[in-house]
file coords34.cif (mmCIF, C-alpha atoms)
data_model
#
loop_
_atom_site.label_atom_id
_atom_site.label_comp_id
_atom_site.auth_asym_id
_atom_site.auth_seq_id
_atom_site.Cartn_x
_atom_site.Cartn_y
_atom_site.Cartn_z
CA MET A 1353 99.62 123.20 93.87
CA ASN A 1354 97.49 125.95 92.39
CA VAL A 1355 94.21 126.15 94.25
CA GLY A 1356 91.20 128.30 93.67
CA THR A 1357 92.18 131.60 92.10
CA PRO A 1358 91.76 132.69 88.49
CA ALA A 1359 95.41 133.80 88.47
CA SER A 1360 96.52 130.26 89.34
CA GLU A 1361 94.41 128.81 86.51
CA ALA A 1362 96.36 130.86 83.98
CA LYS A 1363 99.57 129.16 85.14
CA VAL A 1364 98.32 125.61 84.50
CA VAL A 1365 96.44 126.06 81.21
CA PRO A 1366 98.62 125.69 78.09
CA ALA A 1367 99.16 128.94 76.18
CA ASN A 1368 97.48 127.57 73.05
CA THR A 1369 94.60 125.57 74.48
CA VAL A 1370 92.85 123.49 71.83
CA TYR A 1371 90.06 122.04 73.98
CA THR A 1372 88.97 121.92 77.62
CA ALA A 1373 86.76 119.12 78.92
CA LYS A 1374 84.78 119.75 82.08
CA VAL A 1375 83.24 116.92 84.08
CA GLU A 1376 81.36 117.31 87.32
CA VAL A 1377 81.37 114.48 89.87
CA SER A 1378 79.01 114.14 92.78
CA GLY A 1379 79.42 111.42 95.39
CA GLY A 1380 83.05 110.50 94.68
CA ARG A 1381 83.84 106.92 93.67
CA GLY A 1382 80.30 105.83 94.49
CA GLY A 1383 78.52 108.70 92.79
CA SER A 1384 78.05 109.90 89.25
CA ALA A 1385 79.90 111.92 86.66
CA ARG A 1386 78.55 114.11 83.89
CA SER A 1387 80.21 116.29 81.34
CA LEU A 1388 79.01 119.85 81.20
CA THR A 1389 78.27 119.32 77.49
CA GLY A 1390 75.87 116.52 78.43
CA SER A 1391 77.60 113.94 76.22
CA LEU A 1392 78.90 111.89 79.18
CA ARG A 1393 76.79 110.59 82.04
CA VAL A 1394 78.09 107.63 84.04
CA ASP A 1395 77.46 106.02 87.37
CA LEU A 1396 80.63 105.48 89.37
CA THR A 1397 81.18 102.33 91.38
CA ARG A 1398 84.07 101.30 93.58
CA PRO A 1399 85.83 98.31 91.96
CA ALA A 1400 85.30 96.14 95.05
CA GLN A 1401 81.55 96.80 94.92
CA ARG A 1402 81.02 96.23 91.21
CA GLY A 1403 78.73 93.42 90.20
CA PRO A 1404 75.30 92.72 88.78
CA ASP A 1405 73.66 94.93 91.41
CA ALA A 1406 76.23 97.73 91.15
CA PRO A 1407 76.75 98.64 87.51
CA GLY A 1408 78.98 101.52 86.60
CA THR A 1409 82.58 102.32 85.98
CA ASP A 1410 85.42 103.72 88.02
CA PRO A 1411 87.99 106.50 87.57
CA GLU A 1412 90.70 104.02 86.56
CA GLU A 1413 88.58 102.67 83.68
CA LEU A 1414 87.78 106.18 82.53
CA PHE A 1415 91.45 107.15 82.69
CA ALA A 1416 92.42 103.97 80.80
CA ALA A 1417 89.91 104.77 78.05
CA GLY A 1418 91.17 108.33 77.71
CA TYR A 1419 94.84 107.35 77.68
CA ALA A 1420 94.34 104.50 75.18
CA ALA A 1421 92.30 106.71 72.84
CA CYS A 1422 94.80 109.55 73.02
CA PHE A 1423 97.80 107.26 72.52
CA ASP A 1424 96.21 105.51 69.53
CA SER A 1425 95.55 108.89 67.91
CA ALA A 1426 99.12 110.02 68.65
CA LEU A 1427 100.35 106.76 67.13
CA ALA A 1428 98.52 107.48 63.87
CA VAL A 1429 100.15 110.93 63.64
CA ALA A 1430 103.57 109.57 64.65
CA ALA A 1431 103.37 106.78 62.08
CA ARG A 1432 102.59 109.29 59.31
CA GLN A 1433 105.47 111.52 60.38
CA ALA A 1434 107.86 108.56 60.52
CA GLY A 1435 106.69 107.14 57.18
CA VAL A 1436 105.43 103.97 58.88
CA LYS A 1437 102.33 102.15 57.63
CA PRO A 1438 101.09 100.37 60.74
CA GLY A 1439 97.82 98.94 59.40
CA PRO A 1440 95.09 98.46 62.01
CA THR A 1441 96.21 99.36 65.53
CA THR A 1442 94.83 98.78 68.99
CA VAL A 1443 95.98 100.25 72.28
CA THR A 1444 94.91 98.62 75.52
CA ALA A 1445 95.57 100.56 78.71
CA SER A 1446 95.68 98.79 82.06
CA VAL A 1447 95.53 101.24 84.95
CA SER A 1448 96.31 99.84 88.39
CA LEU A 1449 95.50 101.59 91.64
CA GLY A 1450 97.64 100.85 94.67
CA GLN A 1451 99.41 102.28 97.66
CA THR A 1452 103.00 103.44 97.85
CA ASP A 1453 105.32 102.40 100.68
CA ASP A 1454 104.44 105.59 102.56
CA GLY A 1455 100.68 104.94 102.30
CA ARG A 1456 99.74 107.33 99.48
CA TYR A 1457 97.55 106.11 96.64
CA ALA A 1458 99.06 106.02 93.15
CA ILE A 1459 98.38 104.57 89.73
CA ALA A 1460 100.59 102.63 87.36
CA VAL A 1461 99.89 102.09 83.67
CA VAL A 1462 100.71 99.42 81.11
CA LEU A 1463 99.97 100.21 77.47
CA ASP A 1464 99.79 97.28 75.07
CA VAL A 1465 100.18 98.57 71.52
CA SER A 1466 99.37 96.12 68.77
CA ALA A 1467 99.73 96.45 65.00
CA PRO A 1468 100.04 92.89 63.65
CA GLN A 1469 100.72 94.02 60.08
CA CYS A 1470 103.51 96.43 61.00
CA PRO A 1471 107.15 95.30 61.24
CA GLN A 1472 108.20 95.33 64.90
CA ALA A 1473 111.09 97.79 64.45
CA ASP A 1474 108.90 100.26 62.54
CA LEU A 1475 106.17 100.04 65.17
CA GLU A 1476 108.67 100.58 67.98
CA ARG A 1477 109.91 103.73 66.23
CA ALA A 1478 106.36 105.06 65.80
CA VAL A 1479 105.44 104.21 69.41
CA GLU A 1480 108.50 106.05 70.71
CA LEU A 1481 107.44 109.16 68.80
CA ALA A 1482 103.79 108.76 69.87
CA ASP A 1483 104.90 108.58 73.50
CA ARG A 1484 106.53 112.00 73.11
CA MET A 1485 103.41 113.43 71.42
CA CYS A 1486 100.64 112.05 73.62
CA PRO A 1487 99.45 114.57 76.25
CA TYR A 1488 98.65 111.77 78.70
CA SER A 1489 102.17 110.37 78.38
CA ASN A 1490 103.61 113.85 78.84
CA ALA A 1491 101.48 114.49 81.93
CA LEU A 1492 102.49 111.19 83.53
CA ARG A 1493 106.18 111.19 82.62
CA GLY A 1494 108.29 111.44 85.77
CA ASN A 1495 105.24 111.05 88.02
CA THR A 1496 103.69 107.67 87.26
CA ALA A 1497 105.10 104.29 86.26
CA VAL A 1498 104.19 103.63 82.62
CA ALA A 1499 105.29 100.56 80.68
CA ILE A 1500 104.65 100.23 76.96
CA ARG A 1501 104.59 96.81 75.33
CA VAL A 1502 104.85 96.88 71.54
CA ASN A 1503 103.49 94.00 69.46
CA GLY A 1504 104.14 94.26 65.73
CA HIS A 1505 104.85 91.73 63.01
CA ARG A 1506 107.98 89.70 63.78
#
call {"tool": "encode", "arguments": {"input": "coords34.cif", "output": "structure tokens"}}
result
Amino acid sequence: MNVGTPASEAKVVPANTVYTAKVEVSGGRGGSARSLTGSLRVDLTRPAQRGPDAPGTDPEELFAAGYAACFDSALAVAARQAGVKPGPTTVTASVSLGQTDDGRYAIAVVLDVSAPQCPQADLERAVELADRMCPYSNALRGNTAVAIRVNGHR
């Protein structure tokens, strides 16, 4: 783990950084989050406390939105590279929070990729390439359980 020093930051930032998002959270899961650009401001609510009197979102929903958006964009690039015409696509990310056998918290992800107009085999090929391109997939690979369900035209 690299903690706290500018020298350690250089080791974790990619050599050719394209973009860095910064979000500040105050109050943890029951607090608020805001991007330093001001474009994101959300109240955070623990899933067990969510309801009409406790609006907001949680880190798992935010992660699911980011992963699904990133994967769908990677899929568009992968499809072009593979010569696949997927038609309209949707990616739904389900992020589950749970505990491991030794008591640590962990997440698991299921991505549902749908392109009803695309032949199943072509979509599977594009999804495989997208999985190698997507930064979220690359960050999670080997660390987090990720299942990808592919739903094309059969």
call {"tool": "atom_distance", "arguments": {"input": "coords34.cif", "atom1": "atom CA of Gly1380 of chain A", "atom2": "atom CA of Leu1392 of chain A"}}
result
16.1 Å
call {"tool": "residues_around", "arguments": {"input": "coords34.cif", "residues": "Asp1424 of chain A", "least_positions_apart": "4", "cutoff": "9 Å", "atoms": "only C-alpha atoms", "output": "number ranges by chain"}}
result
A: 1419-1420, 1428-1429, 1441-1443, 1465, 1482, 1486
call {"tool": "closest_residue", "arguments": {"input": "coords34.cif", "among": "A:Thr1496, A:Asn1490, A:Ser1466, A:Thr1372", "to": "Leu1427 of chain A", "atoms": "all atoms listed in the file"}}
result
A:Ser1466
call {"tool": "resolve_selection", "arguments": {"input": "coords34.cif", "expression": "the PyMOL selection byres ((chain A and resi 1376) around 10)", "output": "number ranges by chain"}}
result
A: 1374-1375, 1377-1378, 1384-1388, 1393
call {"tool": "atom_distance", "arguments": {"input": "coords34.cif", "atom1": "atom CA of Ala1499 of chain A", "atom2": "atom CA of Val1461 of chain A"}}
result
6.4 Å
call {"tool": "residues_around", "arguments": {"input": "coords34.cif", "residues": "Arg1398 of chain A", "least_positions_apart": "6", "cutoff": "8 Å", "atoms": "all atoms listed in the file", "output": "list of chain:residue names"}}
result
A:Arg1381, A:Gly1382, A:Thr1409, A:Asp1410
call {"tool": "atom_distance", "arguments": {"input": "coords34.cif", "atom1": "atom CA of Val1462 of chain A", "atom2": "atom CA of Arg1506 of chain A"}}
result
21.2 Å
call {"tool": "residues_around", "arguments": {"input": "coords34.cif", "residues": "Ala1460 of chain A", "least_positions_apart": "5", "cutoff": "7 Å", "atoms": "all atoms listed in the file", "output": "MDAnalysis selection string"}}
result
chainID A and resid 1447:1449 1496:1498
call {"tool": "residues_around", "arguments": {"input": "coords34.cif", "residues": "Leu1475 of chain A", "least_positions_apart": "2", "cutoff": "9 Å", "atoms": "all atoms listed in the file", "output": "ChimeraX atom specification"}}
result
/A:1431,1436-1438,1465-1467,1470-1473,1477-1480,1502-1505
call {"tool": "closest_residue", "arguments": {"input": "coords34.cif", "among": "A:Val1370, A:Ala1445, A:Ala1400, A:Leu1481", "to": "Leu1463 of chain A", "atoms": "all atoms listed in the file"}}
result
A:Ala1445
call {"tool": "closest_residue", "arguments": {"input": "coords34.cif", "among": "A:Asp1483, A:Glu1476, A:Asp1464, A:Asp1395", "to": "Leu1414 of chain A", "atoms": "only C-alpha atoms"}}
result
A:Asp1395
call {"tool": "closest_residue", "arguments": {"input": "coords34.cif", "among": "A:Arg1501, A:Gly1494, A:Thr1444, A:Asp1454", "to": "Ala1417 of chain A", "atoms": "all atoms listed in the file"}}
result
A:Thr1444
call {"tool": "build_atoms", "arguments": {"input": "coords34.cif", "residues": "segment 1490-1502 of chain A", "atoms": "N, CA, C and O atoms", "output": "JSON list (two decimals), in the frame of the given file"}}
result
[["chain", "number", "residue", "atom", "x", "y", "z"],
["A", 1490, "ASN", "N", 102.85, 112.69, 78.36],
["A", 1490, "ASN", "CA", 103.61, 113.85, 78.84],
["A", 1490, "ASN", "C", 103.21, 114.24, 80.25],
["A", 1490, "ASN", "O", 104.06, 114.63, 81.06],
["A", 1491, "ALA", "N", 101.94, 114.14, 80.58],
["A", 1491, "ALA", "CA", 101.48, 114.49, 81.93],
["A", 1491, "ALA", "C", 101.98, 113.50, 82.96],
["A", 1491, "ALA", "O", 102.28, 113.87, 84.10],
["A", 1492, "LEU", "N", 102.09, 112.24, 82.58],
["A", 1492, "LEU", "CA", 102.49, 111.19, 83.53],
["A", 1492, "LEU", "C", 103.99, 111.04, 83.68],
["A", 1492, "LEU", "O", 104.48, 110.57, 84.71],
["A", 1493, "ARG", "N", 104.74, 111.41, 82.63],
["A", 1493, "ARG", "CA", 106.18, 111.19, 82.62],
["A", 1493, "ARG", "C", 106.84, 111.80, 83.85],
["A", 1493, "ARG", "O", 106.66, 112.96, 84.18],
["A", 1494, "GLY", "N", 107.59, 110.98, 84.58],
["A", 1494, "GLY", "CA", 108.29, 111.44, 85.77],
["A", 1494, "GLY", "C", 107.44, 111.38, 87.03],
["A", 1494, "GLY", "O", 107.95, 111.59, 88.13],
["A", 1495, "ASN", "N", 106.13, 111.09, 86.87],
["A", 1495, "ASN", "CA", 105.24, 111.05, 88.02],
["A", 1495, "ASN", "C", 104.61, 109.69, 88.26],
["A", 1495, "ASN", "O", 104.25, 109.36, 89.38],
["A", 1496, "THR", "N", 104.44, 108.92, 87.19],
["A", 1496, "THR", "CA", 103.69, 107.67, 87.26],
["A", 1496, "THR", "C", 104.44, 106.61, 86.45],
["A", 1496, "THR", "O", 104.92, 106.89, 85.36],
["A", 1497, "ALA", "N", 104.48, 105.40, 86.99],
["A", 1497, "ALA", "CA", 105.10, 104.29, 86.26],
["A", 1497, "ALA", "C", 104.25, 103.93, 85.04],
["A", 1497, "ALA", "O", 103.06, 103.66, 85.19],
["A", 1498, "VAL", "N", 104.86, 104.00, 83.86],
["A", 1498, "VAL", "CA", 104.19, 103.63, 82.62],
["A", 1498, "VAL", "C", 105.10, 102.68, 81.86],
["A", 1498, "VAL", "O", 106.26, 102.99, 81.61],
["A", 1499, "ALA", "N", 104.57, 101.52, 81.51],
["A", 1499, "ALA", "CA", 105.29, 100.56, 80.68],
["A", 1499, "ALA", "C", 104.53, 100.45, 79.37],
["A", 1499, "ALA", "O", 103.29, 100.43, 79.35],
["A", 1500, "ILE", "N", 105.27, 100.37, 78.27],
["A", 1500, "ILE", "CA", 104.65, 100.23, 76.96],
["A", 1500, "ILE", "C", 105.17, 98.95, 76.33],
["A", 1500, "ILE", "O", 106.38, 98.79, 76.14],
["A", 1501, "ARG", "N", 104.24, 98.07, 76.01],
["A", 1501, "ARG", "CA", 104.59, 96.81, 75.33],
["A", 1501, "ARG", "C", 104.16, 96.95, 73.87],
["A", 1501, "ARG", "O", 103.01, 97.33, 73.60],
["A", 1502, "VAL", "N", 105.08, 96.66, 72.97],
["A", 1502, "VAL", "CA", 104.85, 96.88, 71.54],
["A", 1502, "VAL", "C", 104.79, 95.52, 70.84],
["A", 1502, "VAL", "O", 105.72, 94.72, 70.96]]
